[in-house]
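run.txt follows; it contains compact mmCIF, C-alpha atoms.
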# COMPACT_ATOMS: atom_id res chain seq x y z
CA MET W 1218 15.03 25.62 1.35
CA SER W 1219 17.09 27.15 -1.43
CA ALA W 1220 16.16 30.49 -2.90
CA LEU W 1221 15.00 31.11 -6.43
CA PRO W 1222 17.62 32.33 -8.90
CA ASP W 1223 17.27 35.75 -10.44
CA PRO W 1224 14.66 35.85 -13.22
CA GLY W 1225 15.78 34.75 -16.65
CA ARG W 1226 14.26 32.60 -19.34
CA ALA W 1227 12.27 29.55 -18.29
CA LEU W 1228 10.88 26.65 -20.28
CA VAL W 1229 7.83 24.80 -18.93
CA VAL W 1230 7.31 21.35 -20.48
CA GLY W 1231 3.77 20.00 -20.16
CA LEU W 1232 0.66 22.11 -19.71
CA ALA W 1233 -1.62 20.11 -17.44
CA LYS W 1234 -2.53 21.58 -14.04
CA SER W 1235 0.93 21.76 -12.52
CA GLY W 1236 2.61 23.01 -15.69
CA ARG W 1237 0.10 25.81 -16.09
CA ALA W 1238 0.50 26.81 -12.45
CA ALA W 1239 4.29 26.80 -12.79
CA ALA W 1240 4.19 28.91 -15.97
CA LEU W 1241 1.94 31.52 -14.38
CA LEU W 1242 4.02 31.62 -11.20
CA LEU W 1243 7.28 32.13 -13.11
CA HIS W 1244 5.67 34.88 -15.18
CA ASP W 1245 4.47 36.61 -12.00
CA LEU W 1246 8.01 36.36 -10.61
CA GLY W 1247 9.40 38.22 -13.60
CA TRP W 1248 10.64 35.36 -15.76
CA GLN W 1249 10.35 35.23 -19.54
CA VAL W 1250 8.36 32.01 -19.95
CA VAL W 1251 8.09 29.66 -22.91
CA ALA W 1252 5.61 26.81 -22.46
CA VAL W 1253 5.26 23.68 -24.61
CA ASP W 1254 3.03 20.62 -24.70
CA ARG W 1255 3.11 17.62 -27.00
CA ALA W 1256 -0.63 17.99 -27.67
CA GLN W 1257 -2.74 20.89 -28.80
CA VAL W 1258 -4.11 22.45 -25.62
CA ASP W 1259 -6.31 25.43 -24.86
CA ALA W 1260 -3.76 27.88 -23.49
CA ALA W 1261 -5.71 31.10 -23.86
CA ASP W 1262 -5.15 31.95 -20.20
CA LEU W 1263 -1.39 31.58 -20.54
CA ILE W 1264 -1.23 33.52 -23.79
CA SER W 1265 -3.30 36.36 -22.36
CA ALA W 1266 -0.88 36.54 -19.43
CA GLY W 1267 1.99 37.08 -21.83
CA ILE W 1268 3.43 33.55 -21.88
CA ASP W 1269 4.91 32.27 -25.14
CA VAL W 1270 3.09 28.99 -25.84
CA ARG W 1271 4.70 26.84 -28.54
CA SER W 1272 4.54 23.40 -30.06
CA PRO W 1273 7.35 21.09 -28.92
CA SER W 1274 8.08 20.34 -32.60
CA GLU W 1275 9.41 23.85 -33.06
CA GLU W 1276 13.07 24.82 -32.65
CA PRO W 1277 14.74 23.90 -29.32
CA VAL W 1278 14.34 26.53 -26.62
CA ALA W 1279 17.40 27.88 -24.84
CA ALA W 1280 16.51 28.44 -21.19
CA ASP W 1281 18.09 29.15 -17.81
CA LEU W 1282 15.59 26.87 -16.03
CA VAL W 1283 13.27 24.07 -17.14
CA ILE W 1284 10.15 22.98 -15.23
CA ARG W 1285 9.00 19.45 -15.98
CA SER W 1286 5.37 18.50 -15.53
CA PRO W 1287 5.00 15.07 -13.88
CA GLY W 1288 3.19 13.57 -16.85
CA VAL W 1289 6.11 14.23 -19.21
CA PRO W 1290 8.74 11.45 -19.48
CA ARG W 1291 12.35 12.47 -18.95
CA GLU W 1292 13.13 11.16 -22.44
CA SER W 1293 10.92 13.72 -24.22
CA PRO W 1294 13.02 15.88 -26.59
CA PRO W 1295 12.81 19.20 -24.72
CA LEU W 1296 13.79 17.55 -21.44
CA ALA W 1297 16.46 15.33 -22.95
CA ALA W 1298 18.04 18.43 -24.51
CA ALA W 1299 17.96 20.26 -21.17
CA TYR W 1300 19.57 17.38 -19.27
CA ALA W 1301 22.24 17.03 -21.96
CA ALA W 1302 23.01 20.76 -21.81
CA GLY W 1303 23.23 20.79 -18.02
CA THR W 1304 20.29 23.17 -17.69
CA PRO W 1305 18.61 22.94 -14.27
CA VAL W 1306 15.41 20.88 -14.51
CA TRP W 1307 12.96 21.13 -11.62
CA SER W 1308 9.68 19.60 -10.64
CA GLU W 1309 6.84 22.06 -10.08
CA ILE W 1310 6.93 21.30 -6.34
CA GLU W 1311 10.60 22.29 -6.23
CA LEU W 1312 9.78 25.63 -7.85
CA ALA W 1313 6.82 26.29 -5.57
CA SER W 1314 8.65 25.35 -2.38
CA ARG W 1315 11.39 27.87 -3.19
CA ALA W 1316 8.82 30.59 -3.79
CA MET W 1317 6.97 30.33 -0.46
CA PRO W 1318 7.96 30.13 3.22
CA ASN W 1319 5.28 27.66 4.29
CA PRO W 1320 6.16 24.50 6.24
CA ILE W 1321 5.68 21.32 4.21
CA MET W 1322 4.64 17.75 4.95
CA GLY W 1323 5.18 15.21 2.20
CA VAL W 1324 3.28 11.98 1.58
CA THR W 1325 4.35 9.38 -0.96
CA GLY W 1326 3.90 5.66 -1.60
CA THR W 1327 2.37 3.49 -4.26
CA ASN W 1328 -1.00 3.39 -2.51
CA GLY W 1329 -2.79 5.38 0.18
CA LYS W 1330 -1.25 8.75 -0.70
CA THR W 1331 -4.48 10.62 -1.30
CA THR W 1332 -6.28 9.30 1.77
CA THR W 1333 -3.30 10.04 4.02
CA THR W 1334 -2.79 13.50 2.53
CA GLU W 1335 -6.42 14.52 2.92
CA LEU W 1336 -6.62 12.96 6.39
CA LEU W 1337 -3.49 14.76 7.60
CA ALA W 1338 -4.69 18.12 6.31
CA HIS W 1339 -8.04 17.48 8.03
CA LEU W 1340 -6.33 16.60 11.32
CA LEU W 1341 -4.26 19.78 11.26
CA ARG W 1342 -7.28 21.96 10.51
CA GLU W 1343 -9.38 20.26 13.19
CA GLY W 1344 -6.50 20.89 15.58
CA GLY W 1345 -6.59 24.62 14.87
CA LEU W 1346 -3.73 24.87 12.38
CA GLY W 1347 -3.95 26.17 8.83
CA ALA W 1348 -3.43 23.36 6.30
CA VAL W 1349 -3.97 22.81 2.58
CA ALA W 1350 -3.81 19.49 0.76
CA CYS W 1351 -1.92 19.97 -2.50
CA GLY W 1352 0.41 18.36 -5.01
CA ASN W 1353 -0.64 15.18 -6.77
CA VAL W 1354 -3.95 15.28 -4.89
CA GLY W 1355 -5.14 17.91 -7.37
CA THR W 1356 -4.14 21.44 -6.30
CA PRO W 1357 -0.72 22.42 -7.70
CA MET W 1358 1.53 23.81 -5.01
CA ALA W 1359 2.56 26.62 -7.36
CA SER W 1360 -1.02 27.89 -7.49
CA LEU W 1361 -0.90 28.58 -3.73
CA VAL W 1362 2.04 31.00 -3.81
CA GLY W 1363 0.86 34.33 -2.39
CA GLU W 1364 -2.62 32.93 -1.77
CA ILE W 1365 -2.31 31.52 1.77
CA PRO W 1366 -0.75 32.72 5.07
CA ALA W 1367 2.91 31.91 5.58
CA ASP W 1368 2.20 29.64 8.57
CA THR W 1369 -0.26 27.40 6.68
CA TRP W 1370 0.99 23.83 6.40
CA LEU W 1371 1.31 22.48 2.87
CA VAL W 1372 0.38 18.79 2.97
CA ALA W 1373 1.75 17.59 -0.36
CA GLU W 1374 0.89 14.31 -2.00
CA CYS W 1375 4.02 13.50 -4.00
CA SER W 1376 4.06 11.07 -6.91
CA SER W 1377 7.28 9.42 -8.00
CA PHE W 1378 7.27 11.64 -11.09
CA GLN W 1379 7.11 14.79 -8.97
CA LEU W 1380 10.05 13.59 -6.87
CA GLU W 1381 12.47 13.07 -9.77
CA ASP W 1382 13.82 16.63 -10.04
CA ILE W 1383 13.93 18.12 -6.53
CA PRO W 1384 17.42 19.40 -5.72
CA SER W 1385 16.32 21.06 -2.45
CA PHE W 1386 12.68 20.14 -1.68
CA HIS W 1387 12.48 19.88 2.13
CA PRO W 1388 9.43 18.53 3.97
CA HIS W 1389 9.48 18.94 7.77
CA ALA W 1390 7.70 15.60 8.01
CA ALA W 1391 7.52 12.94 5.32
CA VAL W 1392 6.17 9.43 4.95
CA LEU W 1393 6.73 6.60 2.49
CA LEU W 1394 3.64 4.47 3.04
CA ASN W 1395 4.57 1.50 0.85
CA VAL W 1396 6.23 0.58 -2.44
CA THR W 1397 4.90 -2.02 -4.86
CA PRO W 1398 5.42 -2.25 -8.63
CA ASP W 1399 3.65 0.57 -10.47
CA HIS W 1400 4.30 2.78 -13.48
CA MET W 1401 6.56 0.12 -14.94
CA ASP W 1402 5.74 1.66 -18.31
CA ARG W 1403 7.74 4.73 -17.21
CA TYR W 1404 10.64 3.24 -15.23
CA PRO W 1405 13.40 0.88 -16.39
CA ASP W 1406 12.97 -1.26 -13.27
CA PHE W 1407 11.45 -1.38 -9.79
CA ALA W 1408 14.65 -0.05 -8.22
CA ALA W 1409 14.42 3.18 -10.22
CA TYR W 1410 10.79 3.65 -9.22
CA THR W 1411 11.67 3.04 -5.56
CA GLN W 1412 14.56 5.49 -5.64
CA ALA W 1413 12.28 8.21 -6.96
CA LYS W 1414 10.07 7.71 -3.91
CA LEU W 1415 13.04 7.86 -1.55
CA ASN W 1416 14.06 11.25 -2.96
CA LEU W 1417 11.37 12.73 -0.68
CA PHE W 1418 13.73 12.33 2.31
CA ALA W 1419 16.98 13.49 0.72
CA HIS W 1420 17.01 17.03 2.13
CA GLN W 1421 15.56 16.45 5.58
CA GLY W 1422 17.46 17.40 8.74
CA ALA W 1423 17.91 15.81 12.13
CA HIS W 1424 14.84 17.54 13.62
CA ASP W 1425 12.50 16.45 10.83
CA LEU W 1426 10.26 13.37 10.89
CA SER W 1427 10.85 10.54 8.41
CA ILE W 1428 8.50 7.55 8.38
CA LEU W 1429 9.38 4.57 6.18
CA PRO W 1430 8.66 0.84 5.97
CA PRO W 1431 11.19 -1.30 7.91
CA GLN W 1432 13.23 -2.33 4.86
CA PHE W 1433 14.09 1.24 3.87
CA ALA W 1434 16.53 3.84 5.16
CA THR W 1435 16.39 7.58 4.64
CA SER W 1436 18.81 9.38 2.35
CA GLY W 1437 18.75 12.55 4.47
CA SER W 1438 19.77 13.39 8.05
CA ALA W 1439 16.48 12.55 9.74
CA PRO W 1440 16.43 9.12 11.43
CA ALA W 1441 13.99 6.61 9.98
CA ARG W 1442 10.88 6.05 12.08
CA ARG W 1443 8.41 3.17 11.72
CA ILE W 1444 4.74 2.42 12.14
CA SER W 1445 3.64 -1.02 13.31
CA GLN W 1446 0.35 -2.86 13.09
CA ALA W 1447 1.83 -5.72 15.13
CA GLY W 1448 1.90 -3.67 18.32
CA ASP W 1449 5.66 -3.93 18.76
CA GLU W 1450 6.78 -0.59 20.15
CA GLY W 1451 10.49 -0.42 19.38
CA PRO W 1452 12.83 2.56 19.86
CA ASP W 1453 12.20 3.76 16.31
CA THR W 1454 8.42 3.17 16.34
CA VAL W 1455 6.48 6.41 16.05
CA SER W 1456 2.97 4.95 15.89
CA TRP W 1457 1.55 1.51 16.58
CA ALA W 1458 -1.61 -0.53 17.01
CA GLU W 1459 -2.21 -2.15 20.39
CA GLY W 1460 -5.92 -2.31 21.12
CA GLY W 1461 -6.13 1.04 19.35
CA LEU W 1462 -4.02 3.76 17.81
CA HIS W 1463 -0.96 4.82 19.81
CA VAL W 1464 1.49 7.62 19.02
CA ARG W 1465 4.86 8.05 20.71
CA GLY W 1466 4.68 10.83 23.29
CA LEU W 1467 0.88 10.81 23.33
CA GLY W 1468 -0.01 7.24 24.25
CA LEU W 1469 -3.43 5.89 23.28
CA VAL W 1470 -5.08 8.32 20.85
CA ALA W 1471 -8.24 6.44 19.79
CA ALA W 1472 -9.83 3.02 19.74
CA TRP W 1473 -10.04 1.52 16.27
CA HIS W 1474 -13.84 1.28 16.44
CA ASP W 1475 -13.96 5.07 16.80
CA ILE W 1476 -12.17 5.58 13.46
CA PRO W 1477 -14.47 5.29 10.40
CA LEU W 1478 -11.83 4.25 7.84
CA ARG W 1479 -11.81 0.50 7.28
CA GLY W 1480 -9.19 -1.97 6.07
CA GLY W 1481 -5.69 -2.81 7.24
CA HIS W 1482 -4.11 -0.43 4.74
CA ASN W 1483 -6.16 2.44 6.17
CA ARG W 1484 -4.90 1.64 9.65
CA GLU W 1485 -1.40 2.30 8.37
CA ASN W 1486 -2.58 5.52 6.72
CA VAL W 1487 -4.16 6.62 10.01
CA MET W 1488 -1.03 5.80 12.02
CA ALA W 1489 1.17 7.79 9.65
CA ALA W 1490 -1.14 10.81 9.58
CA ALA W 1491 -1.51 10.81 13.37
CA ALA W 1492 2.27 10.69 13.90
CA MET W 1493 2.81 13.57 11.49
CA ALA W 1494 0.04 15.60 13.13
CA ALA W 1495 1.72 15.05 16.50
CA HIS W 1496 5.01 16.25 14.97
CA ALA W 1497 3.19 19.48 14.07
CA GLY W 1498 2.20 19.91 17.73
CA LEU W 1499 -1.28 18.38 18.01
CA GLY W 1500 -2.31 16.49 21.14
CA ALA W 1501 -4.12 13.17 21.49
CA ALA W 1502 -7.60 14.68 21.97
CA GLU W 1503 -7.23 16.92 18.92
CA ILE W 1504 -6.06 14.05 16.74
CA ALA W 1505 -8.86 11.77 17.98
CA ARG W 1506 -11.47 14.41 17.18
CA GLY W 1507 -10.10 14.81 13.67
CA LEU W 1508 -10.02 11.07 13.04
CA ALA W 1509 -13.64 10.69 14.12
CA THR W 1510 -14.83 13.49 11.82
CA PHE W 1511 -12.86 12.62 8.67
CA PRO W 1512 -15.39 12.10 5.85
CA GLY W 1513 -13.13 9.99 3.64
CA VAL W 1514 -11.97 10.61 0.09
CA PRO W 1515 -14.12 10.35 -3.05
CA HIS W 1516 -13.23 7.34 -5.23
CA ARG W 1517 -11.32 5.65 -2.37
CA LEU W 1518 -13.49 2.93 -0.78
CA GLU W 1519 -16.38 5.36 -1.16
CA VAL W 1520 -19.68 3.73 -0.23
CA VAL W 1521 -22.05 4.99 -2.92
CA GLY W 1522 -25.17 3.42 -1.43
CA THR W 1523 -27.20 0.25 -1.02
CA ALA W 1524 -29.93 -1.32 -3.13
CA ARG W 1525 -31.73 -4.57 -2.36
CA GLY W 1526 -29.19 -5.20 0.40
CA VAL W 1527 -26.28 -4.91 -2.07
CA VAL W 1528 -23.59 -2.38 -1.17
CA PHE W 1529 -21.89 -0.41 -3.97
CA VAL W 1530 -18.30 0.69 -3.25
CA ASN W 1531 -16.34 3.04 -5.51
CA ASP W 1532 -12.58 2.44 -5.30
CA SER W 1533 -11.70 3.88 -8.70
CA LYS W 1534 -8.49 5.27 -7.18
CA ALA W 1535 -7.24 1.66 -7.01
CA THR W 1536 -5.18 2.06 -10.17
CA ASN W 1537 -2.78 -0.84 -9.58
CA PRO W 1538 -3.10 -4.43 -8.31
CA ALA W 1539 -1.78 -3.66 -4.80
CA ALA W 1540 -4.47 -1.03 -4.29
CA ALA W 1541 -7.16 -3.44 -5.47
CA ILE W 1542 -5.79 -6.07 -3.06
CA ALA W 1543 -6.10 -3.53 -0.24
CA ALA W 1544 -9.74 -2.99 -1.20
CA LEU W 1545 -10.33 -6.73 -0.94
CA ASP W 1546 -8.76 -6.63 2.52
CA ALA W 1547 -11.46 -4.13 3.48
CA TYR W 1548 -14.20 -6.24 1.84
CA PRO W 1549 -12.97 -9.85 2.16
CA ARG W 1550 -16.22 -11.75 1.43
CA HIS W 1551 -19.05 -11.92 -1.12
CA VAL W 1552 -17.55 -9.41 -3.53
CA ARG W 1553 -18.71 -8.77 -7.08
CA LEU W 1554 -15.48 -7.25 -8.37
CA ILE W 1555 -15.31 -4.85 -11.30
CA ALA W 1556 -11.74 -4.56 -12.59
CA GLY W 1557 -9.76 -3.70 -15.70
CA GLY W 1558 -8.62 -0.69 -17.67
CA SER W 1559 -5.47 0.49 -19.40
CA SER W 1560 -2.22 -1.35 -18.71
CA LYS W 1561 0.61 -0.01 -16.55
CA GLY W 1562 2.80 -3.04 -17.17
CA THR W 1563 2.04 -4.76 -13.85
CA PRO W 1564 1.07 -8.45 -13.52
CA PHE W 1565 -2.22 -9.56 -11.94
CA ASP W 1566 -1.17 -12.83 -10.29
CA ASP W 1567 -1.21 -11.41 -6.75
CA LEU W 1568 -4.61 -9.85 -7.34
CA ALA W 1569 -5.96 -13.19 -8.50
CA ARG W 1570 -4.66 -14.90 -5.37
CA ALA W 1571 -6.28 -12.23 -3.18
CA ALA W 1572 -9.55 -12.62 -5.10
CA ALA W 1573 -9.74 -16.34 -4.36
CA GLY W 1574 -12.18 -16.71 -1.48
CA ALA W 1575 -13.17 -13.04 -1.51
CA VAL W 1576 -14.61 -12.58 -4.99
CA ASP W 1577 -17.69 -14.54 -5.99
CA HIS W 1578 -17.50 -13.24 -9.56
CA ALA W 1579 -15.48 -10.61 -11.46
CA TYR W 1580 -16.79 -8.38 -14.22
CA LEU W 1581 -13.91 -7.18 -16.38
CA ILE W 1582 -13.66 -4.08 -18.54
CA GLY W 1583 -11.14 -2.31 -20.75
CA GLU W 1584 -8.02 -3.43 -22.56
CA THR W 1585 -6.62 -5.53 -19.70
CA ALA W 1586 -9.80 -7.59 -19.26
CA PRO W 1587 -8.49 -10.73 -21.03
CA GLU W 1588 -5.20 -10.63 -19.05
CA ILE W 1589 -7.02 -10.31 -15.72
CA ALA W 1590 -9.46 -13.06 -16.74
CA SER W 1591 -6.55 -15.40 -17.39
CA ALA W 1592 -5.01 -14.64 -13.99
CA LEU W 1593 -8.35 -15.17 -12.22
CA GLU W 1594 -8.95 -18.44 -14.07
CA SER W 1595 -5.70 -19.80 -12.62
CA GLN W 1596 -7.23 -19.29 -9.16
CA ARG W 1597 -10.65 -20.60 -10.22
CA VAL W 1598 -12.31 -17.21 -9.76
CA PRO W 1599 -15.14 -16.93 -12.31
CA SER W 1600 -15.25 -13.83 -14.48
CA THR W 1601 -17.21 -12.19 -17.28
CA LEU W 1602 -15.86 -9.89 -19.98
CA ALA W 1603 -18.35 -7.04 -19.55
CA GLY W 1604 -16.80 -4.54 -21.95
CA ASP W 1605 -17.75 -1.25 -20.36
CA LEU W 1606 -18.43 -0.04 -16.84
CA PRO W 1607 -22.22 0.52 -16.96
CA THR W 1608 -22.64 -3.01 -18.34
CA ALA W 1609 -20.41 -4.42 -15.60
CA VAL W 1610 -22.42 -2.66 -12.88
CA SER W 1611 -25.71 -3.85 -14.36
CA ARG W 1612 -24.57 -7.48 -14.60
CA ALA W 1613 -22.97 -7.47 -11.16
CA PHE W 1614 -26.13 -6.11 -9.54
CA ALA W 1615 -28.34 -8.58 -11.41
CA ASP W 1616 -26.22 -11.46 -10.08
CA ALA W 1617 -25.83 -10.11 -6.53
CA SER W 1618 -27.69 -11.20 -3.43
CA ASP W 1619 -28.48 -9.44 -0.16
CA GLY W 1620 -25.19 -8.86 1.66
CA ASP W 1621 -23.00 -8.82 -1.46
CA VAL W 1622 -20.65 -5.95 -2.31
CA VAL W 1623 -20.33 -4.59 -5.85
CA LEU W 1624 -16.78 -3.25 -5.69
CA LEU W 1625 -15.10 -1.15 -8.35
CA ALA W 1626 -11.37 -1.75 -7.76
CA PRO W 1627 -9.93 -1.66 -11.29
CA ALA W 1628 -6.24 -2.43 -10.55
CA CYS W 1629 -5.47 -0.45 -13.71
CA ALA W 1630 -5.26 3.06 -15.07
CA SER W 1631 -8.39 4.51 -16.64
CA PHE W 1632 -7.27 6.14 -19.86
CA ASP W 1633 -8.55 3.48 -22.26
CA GLN W 1634 -12.19 4.44 -21.61
CA PHE W 1635 -12.16 7.48 -19.30
CA ARG W 1636 -10.56 10.89 -18.81
CA GLY W 1637 -9.14 9.78 -15.47
CA TYR W 1638 -9.95 7.77 -12.36
CA GLU W 1639 -12.35 10.51 -11.19
CA HIS W 1640 -14.39 10.21 -14.39
CA ARG W 1641 -14.40 6.42 -14.02
CA GLY W 1642 -15.63 6.72 -10.43
CA ASP W 1643 -18.33 9.17 -11.46
CA VAL W 1644 -19.58 6.75 -14.12
CA PHE W 1645 -19.68 3.95 -11.53
CA ARG W 1646 -21.55 6.17 -9.08
CA ASP W 1647 -24.10 7.09 -11.75
CA ALA W 1648 -24.58 3.45 -12.73
CA ALA W 1649 -25.01 2.40 -9.10
CA ARG W 1650 -27.64 5.05 -8.56
CA GLU W 1651 -29.34 4.02 -11.77
CA ALA W 1652 -29.57 0.57 -10.18
CA GLY W 1653 -31.26 2.13 -7.14
CA ALA W 1654 -28.31 2.65 -4.76
CA ARG W 1655 -29.16 5.25 -2.12
As structure tokens, what does this structure read like?
Amino acid sequence: MSALPDPGRALVVGLAKSGRAAALLLHDLGWQVVAVDRAQVDAADLISAGIDVRSPSEEPVAADLVIRSPGVPRESPPLAAAYAAGTPVWSEIELASRAMPNPIMGVTGTNGKTTTTELLAHLLREGGLGAVACGNVGTPMASLVGEIPADTWLVAECSSFQLEDIPSFHPHAAVLLNVTPDHMDRYPDFAAYTQAKLNLFAHQGAHDLSILPPQFATSGSAPARRISQAGDEGPDTVSWAEGGLHVRGLGLVAAWHDIPLRGGHNRENVMAAAAMAAHAGLGAAEIARGLATFPGVPHRLEVVGTARGVVFVNDSKATNPAAAIAALDAYPRHVRLIAGGSSKGTPFDDLARAAAGAVDHAYLIGETAPEIASALESQRVPSTLAGDLPTAVSRAFADASDGDVVLLAPACASFDQFRGYEHRGDVFRDAAREAGAR
């Protein structure tokens, strides 16, 4: 990992969680920090620390280093000016990784990142190693500098946005779980989105672990390894399913019925996490114990409860069609689907095809509801425009019979009606409990 340059003047663009953490870290490291955000934000904590907080409409800021928050497009004026001037622009994870000696594991992909990140951190802790889940999962890596022992593993969930400006970011183990169209409102095409994901592997060495789908190659020195649900153990296969979970070098780790996570996509998440845990030195028994005790992730196929024989499942983290399709793989029959939200520029044809045969009725909310309804109609899946989430839950439960599943799998972002997917999931949970789910 490259070292930090000597302190100078830094510009932090975007003041959500990671931007704030980066600004405070740079200030603590002796940098003169200017921080900007396109919106009016409460920055009293930054100002009190001595950070110069400005509006981006003010005069351009000359800086020796620019930190870009993941939510800020590269085309925003402060960033565009920095790129044009040749000023170094880093992601917050690049900054943090240079400021701490901790070993890093990176997890990226369109879907499954959060579950795999949390599972891997859990496996490492259950195996007796220090580990913290961080990055896109919610805890900025920069906030951990100086707060944890040097031998604690950083298990970093990495979004495509976080991987755009990482000139030296080096995970000792990294996985690309999958790539399907997402964030097409931010990328010119699917190839650009995919390349951002592949940046995770660019600085790995021969002794690191790289796990990718079969159609991809690494851009670093680590050989590409694969996971396989088909049970075909090839020379590059690091984990596979053959009557249970197997990991190269460890053999059979656990039977599938001993692992609580359900759905084919979660099998792949489990295989990736187990292989990375083995790379960190854990044995089969330690990994099996961790898999059996993993509680799952809120808002990701979270079973809220049951009422009148109807199961309520919160998959608010399914913010694109591929994630919603994975949820239907886990619940393939008698589903009352709640979907819709703000658009990310992705089509819903594949979701409609997956819904045929699995979804008895869909209850659609948010700005994309008419578009999803049209796609479902082409597959003869009945739907109702429910407007808002509490109404959708109420109607779905009223229509449901014993054995049905009321599944929130929106296939969309949440920002038309909610503060984020967590808020959306909380509203669903409250509505389910209002219906009697326990």
- Name the residues in contact with Asp1368 (chain W) at a cut-off of 8 Å, using only C-alpha atoms, excluding same-chain residues fewer than 3 positions from it; report them as a ChimeraX atom specification. /W:1318-1320,1347
- Kindly indicate which residue among W:Asp1475, W:Glu1275, W:Asp1621, W:Glu1374 lies nearest to Phe1529 (chain W), using all atoms listed in the file for the distances.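 Counting all atoms listed in the file, the residue closest to Phe1529 (chain W) is W:Asp1621.
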So that each row is one residue of region 1302-1395 of chain W with an atom at most 12 Å from region 1541-1551 of chain W, can you give its shortest atom pair and the distance in Å to one decimal, using only C-alpha atoms, rows by chain and rising number, as CSV?
residue,atom,partner,partner_atom,distance
W:Thr1327,CA,W:Ala1543,CA,11.7
W:Asn1328,CA,W:Ala1543,CA,8.9
W:Gly1329,CA,W:Ala1543,CA,9.5
W:Asn1395,CA,W:Ala1543,CA,11.8
- Item | Counting all atoms listed in the file, the option among W:His1640, W:Arg1403, W:Ala1413, W:Leu1393 closest to Phe1433 (chain W) | W:Leu1393
- Message: I want to know what sits within 8 Å of Ile1589 (chain W), based on only C-alpha atoms, with residues of the same chain fewer than 6 positions away left out; could you give that as a list in words?
- Response: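 Contacts, with the query itself left out: Gly1557, Phe1565, Ala1569 and Leu1581 of chain W.
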- Contact residues around Val1598 (chain W) with only C-alpha atoms at 7 Å, ignoring same-chain residues under 5 positions, as an NGL selection string: :W and (1573 or 1578 or 1593)
- Note on the structure: A straight line from CA of His1463 (chain W) to CA of Ile1476 (chain W) spans 12.9 Å
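Across the structure, CA of Leu1380 (chain W) and CA of Asp1567 (chain W) are spaced 27.4 Å apart.
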- For the atom pair CA of Gly1642 (chain W) and CA of Trp1473 (chain W), what is the interatomic distance in Å to one decimal place?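 We find that CA of Gly1642 (chain W) and CA of Trp1473 (chain W) lie 27.8 Å from each other.
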- Message: List as JSON, numbers by chain the protein and nucleic acid residues near Ser1438 (chain W), meaning an atom at most 10 Å away when only C-alpha atoms are counted, but skip any in the same chain fewer than 5 places from it.
- Response: {"W": [1418, 1419, 1420, 1421, 1422, 1423, 1424, 1425, 1426, 1427]}
Can you tell me which residues surround region 1279-1281 of chain W at a distance of at most 10 Å, considering only C-alpha atoms, apart from same-chain residues fewer than 6 positions away, and format the answer as a tab-separated table (two decimals) with C-alpha atoms, in the frame of the given file?
chain	number	residue	atom	x	y	z
W	1222	PRO	CA	17.62	32.33	-8.90
W	1223	ASP	CA	17.27	35.75	-10.44
W	1224	PRO	CA	14.66	35.85	-13.22
W	1225	GLY	CA	15.78	34.75	-16.65
W	1226	ARG	CA	14.26	32.60	-19.34
W	1227	ALA	CA	12.27	29.55	-18.29
W	1228	LEU	CA	10.88	26.65	-20.28
W	1229	VAL	CA	7.83	24.80	-18.93
W	1248	TRP	CA	10.64	35.36	-15.76
W	1249	GLN	CA	10.35	35.23	-19.54
W	1250	VAL	CA	8.36	32.01	-19.95
W	1251	VAL	CA	8.09	29.66	-22.91
W	1295	PRO	CA	12.81	19.20	-24.72
W	1298	ALA	CA	18.04	18.43	-24.51
W	1299	ALA	CA	17.96	20.26	-21.17
W	1302	ALA	CA	23.01	20.76	-21.81
W	1303	GLY	CA	23.23	20.79	-18.02
W	1304	THR	CA	20.29	23.17	-17.69
W	1305	PRO	CA	18.61	22.94	-14.27
W	1306	VAL	CA	15.41	20.88	-14.51
